[in-house]
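K.L.:
start.tsv is reproduced in full below (TSV, C-alpha atoms).
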chain	number	residue	atom	x	y	z
D	1	MET	CA	121.58	54.27	103.69
D	2	ALA	CA	122.03	52.99	107.23
D	3	ILE	CA	121.81	55.70	109.88
D	4	GLY	CA	123.53	55.04	113.20
D	5	LEU	CA	126.83	55.02	115.01
D	6	GLN	CA	128.57	52.54	112.70
D	7	ASP	CA	130.84	55.26	111.36
D	8	LEU	CA	132.42	55.71	114.81
D	9	LYS	CA	134.10	52.30	114.60
D	10	ASP	CA	137.90	52.75	114.45
D	11	LYS	CA	137.62	56.53	114.86
D	12	VAL	CA	140.41	57.96	117.03
D	13	VAL	CA	138.93	59.85	119.98
D	14	ILE	CA	140.73	61.94	122.59
D	15	VAL	CA	138.78	62.59	125.80
D	16	THR	CA	140.49	64.93	128.25
D	17	GLY	CA	139.93	64.42	131.95
D	18	SER	CA	138.78	60.88	131.24
D	19	GLY	CA	140.35	59.01	134.11
D	20	ARG	CA	137.08	59.15	136.04
D	21	GLY	CA	133.66	60.79	136.19
D	22	ILE	CA	131.93	62.13	133.09
D	23	GLY	CA	135.09	61.80	131.01
D	24	LYS	CA	135.43	58.12	131.82
D	25	GLY	CA	131.78	57.55	130.93
D	26	ILE	CA	132.31	59.27	127.59
D	27	ALA	CA	135.43	57.21	126.85
D	28	GLU	CA	133.59	53.97	127.73
D	29	ALA	CA	130.72	54.88	125.41
D	30	PHE	CA	133.09	55.45	122.48
D	31	ALA	CA	134.77	52.13	123.25
D	32	GLU	CA	131.38	50.39	123.12
D	33	VAL	CA	130.92	51.51	119.51
D	34	GLY	CA	134.43	50.43	118.55
D	35	SER	CA	136.34	53.71	118.62
D	36	LYS	CA	140.02	53.90	119.52
D	37	VAL	CA	140.17	55.91	122.72
D	38	VAL	CA	142.88	58.13	124.18
D	39	ILE	CA	142.51	58.45	127.95
D	40	SER	CA	144.01	61.76	129.03
D	41	ASP	CA	144.15	62.79	132.67
D	42	ILE	CA	146.34	64.86	134.97
D	43	ASP	CA	146.69	61.81	137.22
D	44	ALA	CA	148.91	59.14	135.64
D	45	GLU	CA	147.64	56.19	137.67
D	46	THR	CA	143.98	57.04	137.09
D	47	ALA	CA	144.55	57.41	133.36
D	48	ALA	CA	146.48	54.13	133.12
D	49	ASN	CA	143.88	52.18	135.10
D	50	THR	CA	140.99	53.48	133.02
D	51	ALA	CA	142.82	52.81	129.75
D	52	LYS	CA	143.58	49.25	130.88
D	53	GLU	CA	139.96	48.71	131.89
D	54	ILE	CA	138.63	49.97	128.55
D	55	ALA	CA	141.24	48.02	126.56
D	56	GLY	CA	139.80	44.91	128.20
D	57	LYS	CA	136.68	45.47	126.07
D	58	GLY	CA	138.72	44.75	122.95
D	59	VAL	CA	139.48	48.25	121.70
D	60	GLU	CA	142.81	50.01	121.27
D	61	THR	CA	143.58	52.64	123.87
D	62	LEU	CA	146.34	55.06	124.77
D	63	SER	CA	146.97	56.42	128.25
D	64	ALA	CA	148.42	59.93	128.47
D	65	VAL	CA	149.23	62.23	131.37
D	66	CYS	CA	148.27	65.78	130.47
D	67	ASP	CA	147.68	69.03	132.30
D	68	VAL	CA	145.61	70.80	129.64
D	69	SER	CA	146.73	74.21	130.91
D	70	ASN	CA	150.30	73.30	129.91
D	71	ARG	CA	150.72	73.66	126.14
D	72	GLU	CA	153.89	71.57	126.08
D	73	GLN	CA	152.05	68.65	127.67
D	74	VAL	CA	149.13	69.14	125.27
D	75	ASP	CA	151.46	69.00	122.28
D	76	LYS	CA	152.91	65.75	123.64
D	77	LEU	CA	149.39	64.34	123.94
D	78	ILE	CA	148.53	65.22	120.35
D	79	ASN	CA	151.87	63.97	119.00
D	80	ALA	CA	151.59	60.69	120.92
D	81	THR	CA	148.09	60.13	119.54
D	82	VAL	CA	149.16	60.74	115.95
D	83	GLU	CA	152.26	58.58	116.40
D	84	LYS	CA	150.19	55.63	117.66
D	85	PHE	CA	147.04	55.94	115.56
D	86	GLY	CA	148.06	58.13	112.63
D	87	LYS	CA	145.14	60.55	112.97
D	88	ILE	CA	142.69	62.34	115.28
D	89	ASP	CA	139.00	62.19	114.42
D	90	VAL	CA	137.29	63.48	117.57
D	91	VAL	CA	138.32	65.57	120.57
D	92	VAL	CA	136.12	65.90	123.65
D	93	ASN	CA	137.29	68.76	125.85
D	94	ASN	CA	136.03	67.48	129.17
D	95	ALA	CA	138.85	68.33	131.61
D	96	GLY	CA	137.69	70.85	134.18
D	97	ILE	CA	137.85	71.86	137.82
D	98	THR	CA	135.90	73.87	140.36
D	99	MET	CA	137.35	76.13	143.05
D	100	ASP	CA	134.16	77.60	144.42
D	101	GLY	CA	133.90	80.56	146.76
D	102	LEU	CA	132.05	83.80	147.29
D	103	PHE	CA	133.37	86.44	144.92
D	104	ILE	CA	134.30	88.94	147.64
D	105	ARG	CA	136.51	86.28	149.23
D	106	MET	CA	137.81	84.74	146.01
D	107	LYS	CA	141.58	84.68	145.74
D	108	GLN	CA	143.42	85.43	142.54
D	109	ASP	CA	144.66	81.85	142.26
D	110	GLN	CA	141.08	80.51	142.62
D	111	TRP	CA	140.09	82.59	139.63
D	112	GLN	CA	143.17	81.95	137.51
D	113	LYS	CA	143.45	78.21	138.05
D	114	VAL	CA	139.87	77.61	136.92
D	115	ILE	CA	140.38	79.86	133.90
D	116	ASP	CA	143.64	78.06	133.03
D	117	ILE	CA	142.15	74.57	133.12
D	118	ASN	CA	138.58	75.06	131.94
D	119	LEU	CA	138.99	77.74	129.30
D	120	THR	CA	142.65	78.01	128.30
D	121	GLY	CA	142.89	74.22	128.46
D	122	THR	CA	140.05	73.95	125.96
D	123	PHE	CA	141.87	76.38	123.68
D	124	ASN	CA	145.19	74.52	124.02
D	125	VAL	CA	143.83	71.08	123.14
D	126	THR	CA	141.60	72.36	120.36
D	127	HIS	CA	144.33	74.48	118.79
D	128	ALA	CA	146.78	71.58	118.71
D	129	ALA	CA	144.18	69.10	117.41
D	130	VAL	CA	142.83	71.40	114.70
D	131	ASN	CA	146.33	71.75	113.28
D	132	VAL	CA	146.18	67.98	112.66
D	133	MET	CA	142.56	67.80	111.51
D	134	ARG	CA	142.73	70.63	108.97
D	135	LYS	CA	145.36	68.75	106.97
D	136	VAL	CA	142.79	66.08	106.15
D	137	LYS	CA	139.79	68.45	106.16
D	138	SER	CA	137.91	66.35	108.68
D	139	GLY	CA	137.31	66.36	112.42
D	140	CYS	CA	134.94	66.95	115.28
D	141	ILE	CA	135.43	69.00	118.44
D	142	ILE	CA	132.98	68.64	121.34
D	143	ASN	CA	133.37	70.99	124.31
D	144	ILE	CA	131.85	70.48	127.74
D	145	SER	CA	130.13	73.56	129.12
D	146	SER	CA	127.62	73.53	131.99
D	147	VAL	CA	124.11	74.54	133.00
D	148	ASN	CA	125.93	76.94	135.31
D	149	ALA	CA	127.25	78.89	132.34
D	150	LEU	CA	124.21	81.04	133.13
D	151	GLY	CA	125.69	81.80	136.52
D	152	ALA	CA	125.62	80.18	139.94
D	153	PRO	CA	126.35	81.70	143.37
D	154	GLY	CA	129.87	80.94	144.50
D	155	GLN	CA	130.95	80.05	140.97
D	156	ALA	CA	131.88	83.35	139.34
D	157	ASN	CA	135.09	81.73	138.10
D	158	TYR	CA	133.53	78.45	136.94
D	159	SER	CA	130.49	80.11	135.33
D	160	ALA	CA	132.75	82.54	133.48
D	161	THR	CA	134.74	79.66	131.98
D	162	LYS	CA	131.71	77.64	130.97
D	163	ALA	CA	130.07	80.67	129.35
D	164	GLY	CA	133.40	81.30	127.63
D	165	VAL	CA	133.40	77.74	126.29
D	166	ILE	CA	130.06	78.41	124.61
D	167	GLY	CA	131.30	81.60	122.96
D	168	PHE	CA	134.47	79.82	121.92
D	169	THR	CA	132.44	76.95	120.43
D	170	LYS	CA	130.17	79.18	118.38
D	171	ALA	CA	132.97	81.43	117.09
D	172	LEU	CA	135.28	78.55	116.18
D	173	ALA	CA	132.49	76.60	114.46
D	174	LYS	CA	131.99	79.47	112.02
D	175	GLU	CA	135.72	79.93	111.49
D	176	ILE	CA	136.72	76.36	110.67
D	177	ALA	CA	133.60	74.88	109.07
D	178	GLY	CA	135.28	75.34	105.70
D	179	MET	CA	138.09	73.08	106.90
D	180	GLY	CA	135.63	70.22	107.32
D	181	ILE	CA	135.74	70.45	111.13
D	182	ARG	CA	132.58	70.67	113.22
D	183	VAL	CA	132.53	72.24	116.71
D	184	ASN	CA	129.70	71.74	119.20
D	185	ALA	CA	129.14	71.80	122.95
D	186	ILE	CA	127.25	69.87	125.60
D	187	ALA	CA	125.99	71.64	128.72
D	188	PRO	CA	125.46	69.06	131.48
D	189	GLY	CA	123.24	69.60	134.48
D	190	PHE	CA	123.63	67.83	137.82
D	191	ILE	CA	125.52	64.60	137.03
D	192	GLU	CA	126.66	61.94	139.50
D	193	THR	CA	130.48	62.10	139.60
D	194	PRO	CA	133.24	62.12	142.22
D	195	MET	CA	133.12	65.94	141.96
D	196	THR	CA	129.39	66.23	142.73
D	197	ALA	CA	129.72	63.60	145.47
D	198	LYS	CA	131.48	66.27	147.55
D	199	ILE	CA	128.32	68.42	147.65
D	200	PRO	CA	126.70	68.35	151.14
D	201	GLU	CA	123.77	65.93	151.30
D	202	LYS	CA	121.09	68.51	152.11
D	203	MET	CA	122.27	70.79	149.31
D	204	ALA	CA	122.29	67.87	146.88
D	205	GLU	CA	118.72	66.97	147.87
D	206	GLU	CA	117.57	70.52	147.15
D	207	MET	CA	119.33	70.47	143.79
D	208	ILE	CA	117.60	67.23	142.82
D	209	LYS	CA	114.21	68.68	143.79
D	210	ALA	CA	114.81	71.45	141.25
D	211	ILE	CA	115.28	68.94	138.39
D	212	PRO	CA	111.94	68.49	136.57
D	213	ILE	CA	112.79	64.95	135.48
D	214	GLY	CA	113.23	64.08	139.18
D	215	HIS	CA	116.68	62.55	139.53
D	216	ILE	CA	120.39	63.17	139.10
D	217	GLY	CA	121.96	62.36	135.74
D	218	GLN	CA	124.61	59.76	134.97
D	219	PRO	CA	127.79	60.07	132.85
D	220	LEU	CA	126.13	57.93	130.17
D	221	ASP	CA	123.43	60.58	129.83
D	222	ILE	CA	126.16	62.96	128.67
D	223	ALA	CA	127.94	60.36	126.54
D	224	LYS	CA	124.88	59.54	124.41
D	225	PRO	CA	124.46	62.99	122.78
D	226	ILE	CA	128.24	63.21	122.42
D	227	LEU	CA	128.20	60.03	120.34
D	228	PHE	CA	125.49	61.62	118.20
D	229	LEU	CA	127.53	64.80	117.69
D	230	ALA	CA	130.64	62.80	116.80
D	231	SER	CA	128.82	60.62	114.29
D	232	ASP	CA	127.69	61.24	110.72
D	233	MET	CA	124.15	61.63	112.07
D	234	ALA	CA	125.25	65.14	113.07
D	235	SER	CA	127.11	65.91	109.85
D	236	TYR	CA	125.08	69.11	109.37
D	237	VAL	CA	125.31	70.23	113.01
D	238	THR	CA	127.93	72.74	114.10
D	239	GLY	CA	128.08	75.68	116.49
D	240	GLU	CA	125.35	74.23	118.69
D	241	VAL	CA	124.95	73.69	122.43
D	242	ILE	CA	122.91	70.69	123.59
D	243	ASN	CA	121.57	70.97	127.14
D	244	VAL	CA	121.51	67.66	129.02
D	245	ASN	CA	120.09	68.63	132.37
D	246	GLY	CA	116.81	66.86	133.11
D	247	GLY	CA	114.84	70.02	132.40
D	248	LEU	CA	116.78	72.57	134.44
D	249	ASN	CA	117.03	76.01	132.87
D	250	GLY	CA	119.51	75.62	130.01
D	251	VAL	CA	121.95	77.90	128.27
Could the structure of this file be written out as structure tokens, please?
P.N.:
Amino acid sequence: MAIGLQDLKDKVVIVTGSGRGIGKGIAEAFAEVGSKVVISDIDAETAANTAKEIAGKGVETLSAVCDVSNREQVDKLINATVEKFGKIDVVVNNAGITMDGLFIRMKQDQWQKVIDINLTGTFNVTHAAVNVMRKVKSGCIINISSVNALGAPGQANYSATKAGVIGFTKALAKEIAGMGIRVNAIAPGFIETPMTAKIPEKMAEEMIKAIPIGHIGQPLDIAKPILFLASDMASYVTGEVINVNGGLNGV
């Protein structure tokens, strides 16, 4: 029996927050192995441009505007995917934001917005997708956590959501394994994206020094283990968290 990524060809994959950054890298990787990719982003132009770019590689794509914290928009995303492709095989819950600040100065909206997008958004998309997947007793959910799920100064809100994603992943994996749906998580370390580009240069240099492997990661470094988790190579893997962080302390 051949072991590889061949089974991902023609699979229908939704990647939230995939207009740019890690999400775009993940979507591009799925396209490379022949999957049909749904580009979902809160920014319509970014989503459309990325979908057009990926479609140029010869795969079918769908561009969708979606604020994952809004259940109505999430339902539209899921319905549009099923209407176009007839199924959903894989969901990658990548959409996320940071609104960093010292806890004693953190405003209520800084806390709530991050919770709404990073944690409730993961629930919304997963809940809607599972209702489709369970009908065919097949599917794969991959959630994006973070090395900072262990806690980082100035990120009480973000760390809380990423730790929550891990708990959510492990609980859900046990609950829906009997439905033929696997649920896993990836915890990235310091990855080069438009978000991390905003980090002050001196701070970024110190962060890189702390990485045992010696350099910042790329979106493709996250995409590779996601392809593994989505494929039949991981058919006996569920409820797990894979750290992709260059050797930083993992979750």
K.L.:
Counting all atoms listed in the file, what is within 12 Å of D:Arg105, bar same-chain residues fewer than 6 positions away, as a list in words?
P.N.:
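My list of contacting residues is Met99, Trp111, Gly154, Gln155 and Ala156 of chain D.
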K.L.:
Mind checking which residues fall within 8 Å of stretch 187-202 of chain D, counting all atoms listed in the file, ignoring those fewer than 3 positions away in the same chain, and posting them as number ranges by chain?
P.N.:
D: 20-22, 144-148, 205-208, 216-219, 222, 241-246, 248, 250-251
K.L.:
Which distance in Å separates atom CA of D:Val90 and atom CA of D:His127, to one decimal?
P.N.:
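Atom CA of D:His127 lies 13.1 Å from atom CA of D:Val90.
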K.L.:
Return the single residue from D:Gly101, D:Gly121, D:Gly58, D:Pro212 that is closest to D:Glu72, with distances computed using all atoms listed in the file.
P.N.:
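Checking each candidate against D:Glu72, we get D:Gly121 as the closest.
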K.L.:
Which of these residues is nearest to D:Ala29, using all atoms listed in the file: D:Leu5, D:Thr98, D:Ser63, D:Val82?
P.N.:
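Among D:Leu5, D:Thr98, D:Ser63, D:Val82, it is D:Leu5 that comes nearest to D:Ala29.
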K.L.:
Mind giving me the straight-line distance from atom CA of D:Thr122 to atom CA of D:Ala163 in Å, one decimal?
P.N.:
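Those two atoms sit 12.5 Å apart.
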K.L.:
Given the choices D:Lys137, D:Lys36, D:Lys52, D:Lys57, which gets closest to D:Gly178 if the distance is worked out from only C-alpha atoms?
P.N.:
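Of all the options, D:Lys137 lies closest to D:Gly178.
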K.L.:
Work out how far apart atom CA of D:Ala171 and atom CA of D:Lys113 are and give it in Å to one decimal.
P.N.:
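For atom CA of D:Ala171 relative to atom CA of D:Lys113, the distance reads 23.7 Å.
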K.L.:
When distances are computed from all atoms listed in the file, which of D:Ala31, D:Val38, D:Val165, D:Ala48 shows the smallest separation from D:Thr81?
P.N.:
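Answer, going by the shortest atom-to-atom distance: D:Val38.
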K.L.:
Using all atoms listed in the file, which of D:Thr169, D:Asn157, D:Ser69, D:Thr238 sits nearest D:Ile181?
P.N.:
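Checking each candidate against D:Ile181, we get D:Thr238 as the closest.
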K.L.:
Considering only C-alpha atoms, state which residue in the set D:Gly214, D:Gly164, D:Pro153, D:Gly239 is at the smallest distance from D:Arg182.
P.N.:
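Using only C-alpha atoms, the shortest distance to D:Arg182 belongs to D:Gly239.
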K.L.:
For the point (139.5, 77.5, 113.4) in file coordinates, what residues are within 9 Å, counting all atoms listed in the file? Give the answer as a PDB file with C-alpha atoms, in the coordinates of the input?
P.N.:
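New file selection01.pdb:
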ATOM      1  CA  THR D 126     141.600  72.360 120.360  1.00  0.00           C
ATOM      2  CA  HIS D 127     144.330  74.480 118.790  1.00  0.00           C
ATOM      3  CA  VAL D 130     142.830  71.400 114.700  1.00  0.00           C
ATOM      4  CA  ASN D 131     146.330  71.750 113.280  1.00  0.00           C
ATOM      5  CA  ARG D 134     142.730  70.630 108.970  1.00  0.00           C
ATOM      6  CA  ALA D 171     132.970  81.430 117.090  1.00  0.00           C
ATOM      7  CA  LEU D 172     135.280  78.550 116.180  1.00  0.00           C
ATOM      8  CA  ALA D 173     132.490  76.600 114.460  1.00  0.00           C
ATOM      9  CA  LYS D 174     131.990  79.470 112.020  1.00  0.00           C
ATOM     10  CA  GLU D 175     135.720  79.930 111.490  1.00  0.00           C
ATOM     11  CA  ILE D 176     136.720  76.360 110.670  1.00  0.00           C
ATOM     12  CA  ALA D 177     133.600  74.880 109.070  1.00  0.00           C
ATOM     13  CA  MET D 179     138.090  73.080 106.900  1.00  0.00           C
ATOM     14  CA  ILE D 181     135.740  70.450 111.130  1.00  0.00           C
TER      15      ILE D 181
END
K.L.:
If you count all atoms listed in the file, which residues fall within 12 Å of D:Leu229, apart from same-chain ones fewer than 5 positions away, as a short mmCIF file (atom, residue, chain, number, x, y, z; two decimals) with C-alpha atoms, in the frame of the given file?
P.N.:
data_model
loop_
_atom_site.label_atom_id
_atom_site.label_comp_id
_atom_site.auth_asym_id
_atom_site.auth_seq_id
_atom_site.Cartn_x
_atom_site.Cartn_y
_atom_site.Cartn_z
CA GLY D 4 123.53 55.04 113.20
CA LEU D 5 126.83 55.02 115.01
CA ASP D 7 130.84 55.26 111.36
CA LEU D 8 132.42 55.71 114.81
CA PHE D 30 133.09 55.45 122.48
CA VAL D 90 137.29 63.48 117.57
CA VAL D 91 138.32 65.57 120.57
CA VAL D 92 136.12 65.90 123.65
CA GLY D 139 137.31 66.36 112.42
CA CYS D 140 134.94 66.95 115.28
CA ILE D 141 135.43 69.00 118.44
CA ILE D 142 132.98 68.64 121.34
CA ASN D 143 133.37 70.99 124.31
CA ILE D 181 135.74 70.45 111.13
CA ARG D 182 132.58 70.67 113.22
CA VAL D 183 132.53 72.24 116.71
CA ASN D 184 129.70 71.74 119.20
CA ALA D 185 129.14 71.80 122.95
CA ILE D 186 127.25 69.87 125.60
CA ILE D 222 126.16 62.96 128.67
CA ALA D 223 127.94 60.36 126.54
CA LYS D 224 124.88 59.54 124.41
CA ALA D 234 125.25 65.14 113.07
CA SER D 235 127.11 65.91 109.85
CA TYR D 236 125.08 69.11 109.37
CA VAL D 237 125.31 70.23 113.01
CA THR D 238 127.93 72.74 114.10
CA GLY D 239 128.08 75.68 116.49
CA GLU D 240 125.35 74.23 118.69
CA VAL D 241 124.95 73.69 122.43
CA ILE D 242 122.91 70.69 123.59
#
K.L.:
Regenerate stretch 98-132 of chain D at the level of N, CA and C atoms and dump it as a CSV table (one decimal), in the frame of the given file.
P.N.:
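Final output, out-v3.csv:
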chain,number,residue,atom,x,y,z
D,98,THR,N,136.6,72.8,139.6
D,98,THR,CA,135.9,73.9,140.4
D,98,THR,C,136.8,74.3,141.6
D,99,MET,N,136.7,75.6,141.8
D,99,MET,CA,137.4,76.1,143.0
D,99,MET,C,136.4,77.2,143.6
D,100,ASP,N,135.3,76.7,144.1
D,100,ASP,CA,134.2,77.6,144.4
D,100,ASP,C,134.5,78.5,145.6
D,101,GLY,N,133.8,79.6,145.6
D,101,GLY,CA,133.9,80.6,146.8
D,101,GLY,C,133.2,81.8,146.5
D,102,LEU,N,132.7,82.5,147.5
D,102,LEU,CA,132.0,83.8,147.3
D,102,LEU,C,133.0,84.8,146.6
D,103,PHE,N,132.5,85.6,145.7
D,103,PHE,CA,133.4,86.4,144.9
D,103,PHE,C,134.2,87.4,145.8
D,104,ILE,N,133.6,88.0,146.8
D,104,ILE,CA,134.3,88.9,147.6
D,104,ILE,C,135.4,88.3,148.4
D,105,ARG,N,135.4,87.0,148.5
D,105,ARG,CA,136.5,86.3,149.2
D,105,ARG,C,137.4,85.5,148.3
D,106,MET,N,137.1,85.5,147.0
D,106,MET,CA,137.8,84.7,146.0
D,106,MET,C,139.2,85.2,145.8
D,107,LYS,N,140.2,84.3,145.9
D,107,LYS,CA,141.6,84.7,145.7
D,107,LYS,C,141.9,84.7,144.3
D,108,GLN,N,143.0,85.4,143.9
D,108,GLN,CA,143.4,85.4,142.5
D,108,GLN,C,143.7,84.1,142.0
D,109,ASP,N,144.3,83.2,142.8
D,109,ASP,CA,144.7,81.8,142.3
D,109,ASP,C,143.4,81.0,142.1
D,110,GLN,N,142.3,81.2,142.8
D,110,GLN,CA,141.1,80.5,142.6
D,110,GLN,C,140.5,80.9,141.3
D,111,TRP,N,140.6,82.1,140.9
D,111,TRP,CA,140.1,82.6,139.6
D,111,TRP,C,141.0,82.0,138.5
D,112,GLN,N,142.3,82.3,138.6
D,112,GLN,CA,143.2,82.0,137.5
D,112,GLN,C,143.3,80.5,137.2
D,113,LYS,N,143.3,79.6,138.3
D,113,LYS,CA,143.4,78.2,138.0
D,113,LYS,C,142.3,77.6,137.3
D,114,VAL,N,141.1,78.1,137.6
D,114,VAL,CA,139.9,77.6,136.9
D,114,VAL,C,139.9,78.1,135.5
D,115,ILE,N,140.3,79.3,135.3
D,115,ILE,CA,140.4,79.9,133.9
D,115,ILE,C,141.4,79.0,133.1
D,116,ASP,N,142.5,78.8,133.7
D,116,ASP,CA,143.6,78.1,133.0
D,116,ASP,C,143.2,76.7,132.6
D,117,ILE,N,142.5,75.9,133.4
D,117,ILE,CA,142.2,74.6,133.1
D,117,ILE,C,140.9,74.5,132.2
D,118,ASN,N,139.9,75.2,132.6
D,118,ASN,CA,138.6,75.1,131.9
D,118,ASN,C,138.5,75.8,130.6
D,119,LEU,N,139.1,76.9,130.5
D,119,LEU,CA,139.0,77.7,129.3
D,119,LEU,C,140.3,77.7,128.4
D,120,THR,N,141.4,78.1,129.1
D,120,THR,CA,142.6,78.0,128.3
D,120,THR,C,143.0,76.6,127.9
D,121,GLY,N,142.7,75.6,128.8
D,121,GLY,CA,142.9,74.2,128.5
D,121,GLY,C,142.1,73.8,127.2
D,122,THR,N,140.9,74.3,127.1
D,122,THR,CA,140.0,74.0,126.0
D,122,THR,C,140.7,74.5,124.7
D,123,PHE,N,141.2,75.8,124.8
D,123,PHE,CA,141.9,76.4,123.7
D,123,PHE,C,143.1,75.6,123.3
D,124,ASN,N,143.9,75.2,124.3
D,124,ASN,CA,145.2,74.5,124.0
D,124,ASN,C,145.0,73.2,123.3
D,125,VAL,N,144.1,72.4,123.8
D,125,VAL,CA,143.8,71.1,123.1
D,125,VAL,C,143.2,71.2,121.8
D,126,THR,N,142.3,72.1,121.6
D,126,THR,CA,141.6,72.4,120.4
D,126,THR,C,142.6,72.9,119.3
D,127,HIS,N,143.4,73.9,119.7
D,127,HIS,CA,144.3,74.5,118.8
D,127,HIS,C,145.3,73.4,118.2
D,128,ALA,N,145.8,72.6,119.1
D,128,ALA,CA,146.8,71.6,118.7
D,128,ALA,C,146.1,70.5,117.8
D,129,ALA,N,144.9,70.1,118.2
D,129,ALA,CA,144.2,69.1,117.4
D,129,ALA,C,143.7,69.6,116.0
D,130,VAL,N,143.3,70.8,116.0
D,130,VAL,CA,142.8,71.4,114.7
D,130,VAL,C,144.0,71.5,113.7
D,131,ASN,N,145.2,71.7,114.2
D,131,ASN,CA,146.3,71.8,113.3
D,131,ASN,C,146.6,70.4,112.6
D,132,VAL,N,146.1,69.3,113.2
D,132,VAL,CA,146.2,68.0,112.7
D,132,VAL,C,145.0,67.7,111.8
